[in-house]
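Student: One structure, as structure tokens, below. Some questions next.
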Amino acid sequence: MANPSAVCNGHLHHHHQKQNNLLKSGIYKKNGITKGMKKNGISNGTVYKKTFIEHFEQAPMYVAVLTFVGFGVGTVFGYLRDFMRTWGLEKRNVATEREQQKDFVPLYQDFENFYTRNLYMRIRDNWNRPICSVPGPQFDLMERITDDYNWTFRFTGRTIKNVINMGSYNYLGFAETDVNALKTVTIELQKYGTGICSTRQEMGTLDKHVELEKLVAKFLGVEDAMVFGMGFATNSMNIPALVGKGCLILSDELNHTSLVLGARLSGATIRIFKHNNMQSLENLLRDAIVYGQPRSHRAWRKIIILVEGIYSMEGSIVRLPEIVSLKKKYKAYLYLDEAHSIGAVGATGRGVVEYFGMSPDDVDVLMGTFTKSFGAAGGYIAGKKDLVDFLRTHSHSAVYATSMCPPVAEQIIRAMKCLMGLDGTTQGLQRVRQLGKNTRYFRRKLHEMGFIIYGNDDSPVVPLLLYMPGKIGAFARRMLEKNIGVVVVGFPATPITESRARFCVSAAHTREMLDTVLNALDELGDFLHLKYSRYSKSSHPELYEETRLELED
Amino acid sequence: MDIKSMKNYLYWLYCQFELITCSYLMEPWEKLLFYTFNITMLVMVLYAGYIFVPVHLSMAFQFFLHLFGNQHENTVSIVK
């Protein structure tokens with residue numbers, strides 16, 4: 001371990017070194033790799049040009065025990081309610097099999113349906129909340145109430161105004177209704193209308209699409225790009241075009257459903273490696289090359305690694321330098337899904353490739369979406385010209401799916417030009433810098449307050465762990481009462497004991513808004529007893545001297 | 001002031017109990033059922049404790065005394 005007061009990578013790190021010293025004695029990390037071991041030339045310290053600090057702190061043991069107690073009580077009452085429903089003591093609102101299907105294989109007895117009926121229904125009012133304004137830094141919600149414990153809802157007609165939005169993927173703040181900003185979009189809307197009424201290969205390729213694709217290729221620094229109308233469909237429809245039977249897909253444990261669906265649809269063999277764990281990936285690669293296909297032991301036709309830039313449930317950033325060196329060593333291909341990281345990380349917003357200082361030629365297939373940072377809809381795949389030409393002819397999305405509509409394409413063009421500085425202002429760069437500042441401020445404050453936060457220090461996705469099922473509902477409802485809209489996530493999107501609230505920091509959030517949210521979180525954290533972290537200032541005040549230098553990029 | 005902060009603290013503890021055992025999510029009749037069950041069990045455990053613990057404690061005390069020397073009836077000091 002490095003000398004505690006040494007200068008590493010040009011930054012003086014009192015704060016993080018203290019955390020590392022505490023870590024040595026205590027809690028192990030989720031994937032077996034302790035954070036901070038990558039400094040000063042230890043193992044692959046030279047691959048990372050800046051420090052890579054991720055947090056996956058484990059909660060104290062009593063929290064896990066109490067979470068199980070809560071789930072136990074919930075399960076017991078779930079069985080009681082199911083019993084009452086089967087014996088007719090209670091009205092049945094759920095889907096059940098029909099009388100004629102009594103002897104068939106049961107449809108609704110598995111754990112997920114049980115959980116949905118008995119636990120999810122009780123707190124269902126925290127999801128699917130209808131909004132009635134643009135999802136900017138503040139938005140309006142339609143108020144709805146339930147008379148029968150969340151089985152049905154009705155609108156009261158009132159709208160809750162100016163709720164601070166901590167849930168929308170609006171990283172750079174391009175979801176705006178400012179007339180000046182949308183001037184070009186209005187012009188294109190009047191010129192082209194809204195519908196395309198065709199697919200890319202028939203009559204759906206407009207000059208707007210060609211312009212957008214050239215701009216995307218220039219933005220990312222690659223040869224060519226292709227855009228699609230829907231981000232989810234970009235993954236699920238293009239992975240089957242790139243791989244097939246006889247190929248091997250190595251996919252991260254926590255990949256998004258679109259990647260999983262695309263991988264399954266392709267028919268290739270899928271093997272999963274532990275989240276962001278390079279040893280696991282290397283073992284899989286070695287086994288694949290040594291043993292080949294399962295029974296014939298022939299070499300695999302293609303080995304492709306599917307990873308994401310930022311994982312939206314954990315807030316962790318992919319270890320791109322290590323993956324690229326592994327890919328080069330074992331001659332595999334890399335498919336990088338930058339849905340959450342394009343526009344959000346990197347010095348000029350060009351994603352994780354720029355964040356790590358690597359060249360885009362290292363990644364074979366660069367995929368991303370325009371939904372998150374550009375305030376539009378759709379996705380792109382970029383890379384070498386041969387790859388994109390192949391996809392233009394062979395992708396399912398190009399042949400069958402409607403192409404992107406022109407006003408949306410124009411919104412992406414104007415957002416990208418703003419980011420690149422081609423509109424003559426520095427507004428794009430300011431937005432990226434503001435996002436970076438907001439992210440660092442928000443994360444630092446949450447750490448100081450004592451919450452357990454997952455993920456990399458530079459990722460704008462901030463998951464705050466809640467653990468107990470009772471607190472999920474209480475947290476979301478009380479935050480709405482304080483006029484802040486948050487997204488809470490539980491099973492099945494996360495492991496059952498690690499339910500969390502996920503905040504998405506935006507460049508459009510002002511310091512006052514973040515302070516409002518932080519104060520509300522402070523109060524709520526004390527009331528609901530959510531401050532489980534053992535490394536915060538409040539639990540170890542003597543270790544945090546005031547002479548701590550701020551990390552500035 | 002002390003009573004008020006005590007009451008607030010007790011209310012906070014009650015809220016924690018509700019959140020941890022998911023009774024915050026239950027409908028009123030379920031809460032009634034759950035609390036009745038809990039309070040009944042608690043009362044039964046306390047009653048059993050009230051009856052049995054003093055007897056067991058004194059028996060354990062006598063056992064240990066016997067272990068350390070057979071003196072429990074012979075502690076008469078002869079004053080010369």
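Residue numbers start at 1 in each chain; chains themselves are named A, B, ... in the order of the structure tokens; ligands are numbered from 1 in the order shown.
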Name all residues at most 6 Å from segment 459-469 of chain A (count only C-alpha atoms; drop same-chain ones fewer than 2 positions away) and give them as a ChimeraX atom specification.
Tutor: /A:67,315,439,452-454,456-457,471-472,497-505
Student: Enumerate as number ranges by chain the residues belonging to chain B that approach chain A to within 12 Å, with only C-alpha atoms taken into account.
Tutor: B: 8-9, 11-31, 33-35, 38
Student: What does the file look like for those residues with N, CA and C atoms, as a PDB file, in the first residue's frame?
Tutor:
ATOM      1  N   ASN B   8     -41.200  12.491  21.801  1.00  0.00           N
ATOM      2  CA  ASN B   8     -40.743  12.474  20.407  1.00  0.00           C
ATOM      3  C   ASN B   8     -39.858  11.293  20.142  1.00  0.00           C
ATOM      4  N   TYR B   9     -38.975  11.006  21.097  1.00  0.00           N
ATOM      5  CA  TYR B   9     -38.078   9.869  20.928  1.00  0.00           C
ATOM      6  C   TYR B   9     -38.848   8.563  20.869  1.00  0.00           C
ATOM      7  N   TYR B  11     -41.952   8.205  19.946  1.00  0.00           N
ATOM      8  CA  TYR B  11     -42.666   8.169  18.669  1.00  0.00           C
ATOM      9  C   TYR B  11     -41.733   7.755  17.547  1.00  0.00           C
ATOM     10  N   TRP B  12     -40.477   8.276  17.591  1.00  0.00           N
ATOM     11  CA  TRP B  12     -39.488   7.913  16.570  1.00  0.00           C
ATOM     12  C   TRP B  12     -39.176   6.425  16.636  1.00  0.00           C
ATOM     13  N   LEU B  13     -39.062   5.893  17.876  1.00  0.00           N
ATOM     14  CA  LEU B  13     -38.798   4.462  18.017  1.00  0.00           C
ATOM     15  C   LEU B  13     -39.957   3.641  17.457  1.00  0.00           C
ATOM     16  N   TYR B  14     -41.181   4.116  17.726  1.00  0.00           N
ATOM     17  CA  TYR B  14     -42.339   3.403  17.207  1.00  0.00           C
ATOM     18  C   TYR B  14     -42.329   3.405  15.687  1.00  0.00           C
ATOM     19  N   CYS B  15     -41.937   4.567  15.083  1.00  0.00           N
ATOM     20  CA  CYS B  15     -41.863   4.646  13.620  1.00  0.00           C
ATOM     21  C   CYS B  15     -40.822   3.669  13.085  1.00  0.00           C
ATOM     22  N   GLN B  16     -39.670   3.565  13.786  1.00  0.00           N
ATOM     23  CA  GLN B  16     -38.646   2.627  13.340  1.00  0.00           C
ATOM     24  C   GLN B  16     -39.173   1.204  13.380  1.00  0.00           C
ATOM     25  N   PHE B  17     -39.897   0.871  14.467  1.00  0.00           N
ATOM     26  CA  PHE B  17     -40.463  -0.474  14.571  1.00  0.00           C
ATOM     27  C   PHE B  17     -41.403  -0.746  13.405  1.00  0.00           C
ATOM     28  N   GLU B  18     -42.233   0.265  13.102  1.00  0.00           N
ATOM     29  CA  GLU B  18     -43.193   0.104  12.003  1.00  0.00           C
ATOM     30  C   GLU B  18     -42.477  -0.130  10.679  1.00  0.00           C
ATOM     31  N   LEU B  19     -41.401   0.659  10.430  1.00  0.00           N
ATOM     32  CA  LEU B  19     -40.703   0.551   9.156  1.00  0.00           C
ATOM     33  C   LEU B  19     -39.982  -0.780   9.038  1.00  0.00           C
ATOM     34  N   ILE B  20     -39.330  -1.194  10.137  1.00  0.00           N
ATOM     35  CA  ILE B  20     -38.512  -2.403  10.046  1.00  0.00           C
ATOM     36  C   ILE B  20     -39.372  -3.633   9.855  1.00  0.00           C
ATOM     37  N   THR B  21     -40.512  -3.694  10.560  1.00  0.00           N
ATOM     38  CA  THR B  21     -41.331  -4.902  10.449  1.00  0.00           C
ATOM     39  C   THR B  21     -42.384  -4.779   9.374  1.00  0.00           C
ATOM     40  N   CYS B  22     -42.267  -3.788   8.494  1.00  0.00           N
ATOM     41  CA  CYS B  22     -43.218  -3.613   7.392  1.00  0.00           C
ATOM     42  C   CYS B  22     -44.633  -3.374   7.857  1.00  0.00           C
ATOM     43  N   SER B  23     -44.858  -3.031   9.120  1.00  0.00           N
ATOM     44  CA  SER B  23     -46.251  -2.784   9.504  1.00  0.00           C
ATOM     45  C   SER B  23     -46.705  -1.410   9.018  1.00  0.00           C
ATOM     46  N   TYR B  24     -45.741  -0.598   8.519  1.00  0.00           N
ATOM     47  CA  TYR B  24     -46.093   0.672   7.890  1.00  0.00           C
ATOM     48  C   TYR B  24     -46.904   0.433   6.628  1.00  0.00           C
ATOM     49  N   LEU B  25     -46.666  -0.741   5.993  1.00  0.00           N
ATOM     50  CA  LEU B  25     -47.319  -1.029   4.722  1.00  0.00           C
ATOM     51  C   LEU B  25     -48.650  -1.726   4.894  1.00  0.00           C
ATOM     52  N   MET B  26     -48.964  -2.145   6.144  1.00  0.00           N
ATOM     53  CA  MET B  26     -50.135  -3.011   6.301  1.00  0.00           C
ATOM     54  C   MET B  26     -51.410  -2.204   6.401  1.00  0.00           C
ATOM     55  N   GLU B  27     -52.495  -2.865   6.000  1.00  0.00           N
ATOM     56  CA  GLU B  27     -53.806  -2.247   6.177  1.00  0.00           C
ATOM     57  C   GLU B  27     -54.165  -2.316   7.670  1.00  0.00           C
ATOM     58  N   PRO B  28     -55.118  -1.484   8.112  1.00  0.00           N
ATOM     59  CA  PRO B  28     -55.394  -1.388   9.560  1.00  0.00           C
ATOM     60  C   PRO B  28     -55.730  -2.711  10.227  1.00  0.00           C
ATOM     61  N   TRP B  29     -56.523  -3.575   9.567  1.00  0.00           N
ATOM     62  CA  TRP B  29     -56.866  -4.822  10.234  1.00  0.00           C
ATOM     63  C   TRP B  29     -55.645  -5.732  10.350  1.00  0.00           C
ATOM     64  N   GLU B  30     -54.731  -5.647   9.353  1.00  0.00           N
ATOM     65  CA  GLU B  30     -53.505  -6.443   9.438  1.00  0.00           C
ATOM     66  C   GLU B  30     -52.628  -5.955  10.582  1.00  0.00           C
ATOM     67  N   LYS B  31     -52.603  -4.619  10.746  1.00  0.00           N
ATOM     68  CA  LYS B  31     -51.804  -4.046  11.837  1.00  0.00           C
ATOM     69  C   LYS B  31     -52.350  -4.525  13.168  1.00  0.00           C
ATOM     70  N   LEU B  33     -54.026  -7.240  13.824  1.00  0.00           N
ATOM     71  CA  LEU B  33     -53.666  -8.648  13.969  1.00  0.00           C
ATOM     72  C   LEU B  33     -52.213  -8.793  14.412  1.00  0.00           C
ATOM     73  N   PHE B  34     -51.327  -8.075  13.706  1.00  0.00           N
ATOM     74  CA  PHE B  34     -49.899  -8.176  13.967  1.00  0.00           C
ATOM     75  C   PHE B  34     -49.567  -7.709  15.377  1.00  0.00           C
ATOM     76  N   TYR B  35     -50.116  -6.523  15.754  1.00  0.00           N
ATOM     77  CA  TYR B  35     -49.791  -5.999  17.078  1.00  0.00           C
ATOM     78  C   TYR B  35     -50.376  -6.878  18.174  1.00  0.00           C
ATOM     79  N   ASN B  38     -48.098  -9.791  18.553  1.00  0.00           N
ATOM     80  CA  ASN B  38     -46.837  -9.404  19.189  1.00  0.00           C
ATOM     81  C   ASN B  38     -47.016  -9.140  20.668  1.00  0.00           C
TER      82      ASN B  38
END
Student: For Arg319 of chain A, which of A:Tyr380, A:Phe155, A:Phe356, A:Trp127 is the closest residue, counting only C-alpha atoms?
Tutor: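 Of the candidates, the smallest distance to Arg319 of chain A is held by A:Phe356.
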Student: Excluding same-chain residues fewer than 3 positions from Gly368 of chain A, what lies within 6 Å of it counting only C-alpha atoms, as a PyMOL selection string?
Tutor: chain A and resi 337-339+379-380
Student: At what distance in Å, to one decimal, does atom CA of Thr402 of chain A lie from atom CA of Thr205 of chain A?
Tutor: 9.9 Å
Student: Would you pick out the contacts of segment 100-112 of chain A at 10 Å or less, using only C-alpha atoms, so that residues sharing its chain but fewer than 6 positions from it are not included, and give the list as a PyMOL selection string?
Tutor: chain A and resi 94+120+491-492
Student: Any chance you could export the current selection's C-alpha atoms as a CSV table (one decimal), in the first residue's frame?
Tutor:
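Wrote result.csv, looks like this:
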chain,number,residue,atom,x,y,z
A,94,VAL,CA,-55.4,-10.2,-9.0
A,120,TYR,CA,-45.2,-4.4,-4.6
A,491,PHE,CA,-36.6,-6.3,-6.3
A,492,PRO,CA,-36.5,-7.5,-9.2
Student: Measuring between only C-alpha atoms, which one of A:Gly221, A:Arg298, A:Leu334, A:Tyr169 shows the shortest distance to Phe370 of chain A?
Tutor: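 Answer, going by the shortest atom-to-atom distance: A:Tyr169.
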Student: My list of candidates is A:Ala268, A:Met237, A:Val222, A:Ile160. Which is closest to Gln293 of chain A when distances are computed with only C-alpha atoms?
Tutor: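 Distance minimum relative to Gln293 of chain A lands on A:Ala268.
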Student: Kindly give the distance, in Å, that separates atom CA of Arg301 of chain A and atom CA of Lys331 of chain A, rounded to a single decimal.
Tutor: 11.5 Å
